[in-house]
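Student: Structure in structure tokens, see below.
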Amino acid sequence: DEFLAMVRHDIFNPITVALFHTEMLAETLEHRDDKELADLAHSVHSCLNAVCDMVSTFWYLEAIDQGGPAIHPEPIDVVELVSDIVDAHRPTATAKQLELLFDGRCPELRADRRQLGRVVANLVSNALKYTPGPGTVRVHVGHDANEAILTVADTGAGLSPADLQHLFTKHARFHRHLDIPGTGLGLYLSKAIVEAHGGRIDAVSAVGKGSTFRVRIPFA
């Protein structure tokens, strides 16, 4: 608890200030048509965002351990949210020679934009990390009468039935021989966030054939 309190105050606050300043710097450089330095500023901004998200992750873990994460629902365009996150991951897909596909149609959804975005980003990032190129990652947003449905499917390494049983547990790590960095917290957090929305998340997978994750969030 003391460590988390220190993280919140001594790390999160200065990072927030640095994010604001680098965003201003990037905009100024863009107005001056200095693309090279503007790109560097955006890169710094992205790195700071990554650190900020890491701090938020440990902060969020505390909320889960105390009984459940707080969410702040608002009307959101879930198709736009997912599309933006997919677009942010396209450079990674291109670098790995992966085809990253997206399509979707869904009515407005009441959800916590930031936290649902965390779930989407984690699923897309994992699909890209565990899929060797050339390969394909498909992201789809759909719905039925009661729920918005997000599907992320890949042609990656896949998981065994035994691994699937521990997929959403804290610090679960798989395919360690691939030397892919991670904390093993992403899916644990994603499950907590989805369930806080009254939804559910599940996965099907086969070794060597890929995995498909499906998130369902009720409209009501």
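We label chains A, B, ... in the order they appear in the structure tokens, count residues from 1 in each chain, and number ligands from 1 in the order shown.
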Going by DSSP on the backbone, which residues of region 16-148 of chain A come out as helix (DSSP H, G or I)? List them as a PyMOL selection string.

Tutor: chain A and resi 16-31+35-65+78-88+90-95+113-129

Student: Give me the residues within 12 Å of region 22-30 of chain A as a PyMOL selection string, counting only C-alpha atoms and dropping any in the same chain fewer than 3 places off.

Tutor: chain A and resi 15-19+33-49

Student: May I have the residues within 6 Å of Leu109 (chain A) as an MDAnalysis selection string, using only C-alpha atoms and disregarding those fewer than 4 positions away in the same chain?

Tutor: chainID A and resid 75:76 219

Student: For those residues, write all heavy atoms to a file as a tab-separated table (two decimals), in the first residue's frame.

Tutor:
```tsv
chain	number	residue	atom	x	y	z
A	75	PRO	N	-21.73	7.25	-22.67
A	75	PRO	CA	-22.04	6.77	-24.02
A	75	PRO	C	-20.80	6.87	-24.92
A	75	PRO	O	-20.18	7.93	-25.01
A	75	PRO	CB	-23.14	7.73	-24.49
A	75	PRO	CG	-23.67	8.36	-23.25
A	75	PRO	CD	-22.53	8.43	-22.30
A	76	ILE	N	-20.42	5.77	-25.56
A	76	ILE	CA	-19.24	5.79	-26.42
A	76	ILE	C	-19.55	5.10	-27.75
A	76	ILE	O	-20.41	4.23	-27.83
A	76	ILE	CB	-18.02	5.11	-25.77
A	76	ILE	CG1	-18.27	3.61	-25.56
A	76	ILE	CG2	-17.65	5.77	-24.45
A	76	ILE	CD1	-17.01	2.85	-25.14
A	219	PHE	N	-25.61	-3.97	-23.31
A	219	PHE	CA	-26.05	-2.59	-23.55
A	219	PHE	C	-26.72	-2.00	-22.30
A	219	PHE	O	-26.58	-0.83	-22.02
A	219	PHE	CB	-27.01	-2.55	-24.73
A	219	PHE	CG	-26.36	-2.81	-26.06
A	219	PHE	CD1	-26.72	-3.92	-26.82
A	219	PHE	CD2	-25.39	-1.96	-26.55
A	219	PHE	CE1	-26.12	-4.16	-28.05
A	219	PHE	CE2	-24.77	-2.21	-27.77
A	219	PHE	CZ	-25.14	-3.31	-28.52
```

Student: I'd like the neighbourhood of Arg90 (chain A) as an mmCIF file with N, CA, C and O atoms, in the first residue's frame, where a residue qualifies if any of its atoms comes within 10 Å (using only C-alpha atoms), though same-chain residues fewer than 3 positions away should be ignored.

Tutor:
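Printed below is result.cif as written:
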```cif
data_model
loop_
_atom_site.group_PDB
_atom_site.id
_atom_site.type_symbol
_atom_site.label_atom_id
_atom_site.label_comp_id
_atom_site.auth_asym_id
_atom_site.auth_seq_id
_atom_site.Cartn_x
_atom_site.Cartn_y
_atom_site.Cartn_z
ATOM 1 N N ILE A 85 -7.653 2.233 -31.777
ATOM 2 C CA ILE A 85 -6.639 1.398 -31.131
ATOM 3 C C ILE A 85 -5.976 0.478 -32.152
ATOM 4 O O ILE A 85 -4.751 0.294 -32.136
ATOM 5 N N VAL A 86 -6.758 -0.073 -33.051
ATOM 6 C CA VAL A 86 -6.190 -0.920 -34.111
ATOM 7 C C VAL A 86 -5.222 -0.103 -34.961
ATOM 8 O O VAL A 86 -4.104 -0.561 -35.271
ATOM 9 N N ASP A 87 -5.608 1.105 -35.341
ATOM 10 C CA ASP A 87 -4.738 1.956 -36.160
ATOM 11 C C ASP A 87 -3.417 2.251 -35.443
ATOM 12 O O ASP A 87 -2.359 2.320 -36.083
ATOM 13 N N ALA A 93 2.262 -4.169 -36.576
ATOM 14 C CA ALA A 93 1.851 -5.241 -37.492
ATOM 15 C C ALA A 93 2.688 -5.224 -38.767
ATOM 16 O O ALA A 93 3.149 -6.268 -39.239
ATOM 17 N N THR A 94 2.903 -4.038 -39.318
ATOM 18 C CA THR A 94 3.695 -3.912 -40.538
ATOM 19 C C THR A 94 5.121 -4.403 -40.328
ATOM 20 O O THR A 94 5.687 -5.114 -41.167
ATOM 21 N N ALA A 95 5.705 -4.030 -39.189
ATOM 22 C CA ALA A 95 7.086 -4.423 -38.892
ATOM 23 C C ALA A 95 7.226 -5.940 -38.787
ATOM 24 O O ALA A 95 8.285 -6.489 -39.105
ATOM 25 N N LYS A 96 6.164 -6.620 -38.362
ATOM 26 C CA LYS A 96 6.208 -8.077 -38.211
ATOM 27 C C LYS A 96 5.637 -8.822 -39.425
ATOM 28 O O LYS A 96 5.485 -10.034 -39.381
ATOM 29 N N LEU A 98 2.566 -8.695 -40.534
ATOM 30 C CA LEU A 98 1.260 -9.230 -40.171
ATOM 31 C C LEU A 98 0.160 -8.400 -40.817
ATOM 32 O O LEU A 98 0.260 -7.174 -40.895
ATOM 33 N N GLU A 99 -0.874 -9.060 -41.270
ATOM 34 C CA GLU A 99 -2.043 -8.375 -41.805
ATOM 35 C C GLU A 99 -2.983 -8.099 -40.636
ATOM 36 O O GLU A 99 -3.464 -9.033 -39.982
ATOM 37 N N LEU A 100 -3.246 -6.832 -40.365
ATOM 38 C CA LEU A 100 -4.123 -6.423 -39.267
ATOM 39 C C LEU A 100 -5.424 -5.904 -39.864
ATOM 40 O O LEU A 100 -5.456 -4.839 -40.487
ATOM 41 N N LEU A 101 -6.503 -6.672 -39.684
ATOM 42 C CA LEU A 101 -7.782 -6.363 -40.306
ATOM 43 C C LEU A 101 -8.795 -5.917 -39.256
ATOM 44 O O LEU A 101 -8.810 -6.438 -38.126
ATOM 45 N N LEU A 128 -0.706 -9.546 -31.648
ATOM 46 C CA LEU A 128 0.448 -9.202 -32.480
ATOM 47 C C LEU A 128 1.737 -9.798 -31.919
ATOM 48 O O LEU A 128 2.594 -10.273 -32.672
#
```

Student: Which one is closest to Ala157 (chain A): A:Ala127, A:Ala220, A:Cys52, A:Ile64? Count only C-alpha atoms.

Tutor: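 Looking at the shortest contact to Ala157 (chain A), the residue is A:Ala127.
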
Student: Just the residues within 10 Å of Ser211 (chain A), please, counting only C-alpha atoms, with nothing from its chain fewer than 4 positions along; format it as a ChimeraX atom specification.

Tutor: /A:127,130-131,137,152-159,203-207

Student: Restricting the calculation to only C-alpha atoms: of A:Ile71, A:Val55, A:Ala121, A:Val141, which residue gets closest to Phe102 (chain A)?

Tutor: A:Val141

Student: May I have the residues within 12 Å of Ala145 (chain A) as a list in words, using only C-alpha atoms and disregarding those fewer than 6 positions away in the same chain?

Tutor: Cys106, Pro107, Arg216, Ile217, Pro218, Phe219 and Ala220 of chain A

Student: Given only C-alpha atoms as the basis, pick out the residue of A:Val51, A:Leu150, A:His31, A:His197 nearest to Arg110 (chain A).

Tutor: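 Of A:Val51, A:Leu150, A:His31, A:His197, the one nearest Arg110 (chain A) is A:His197, counting only C-alpha atoms.
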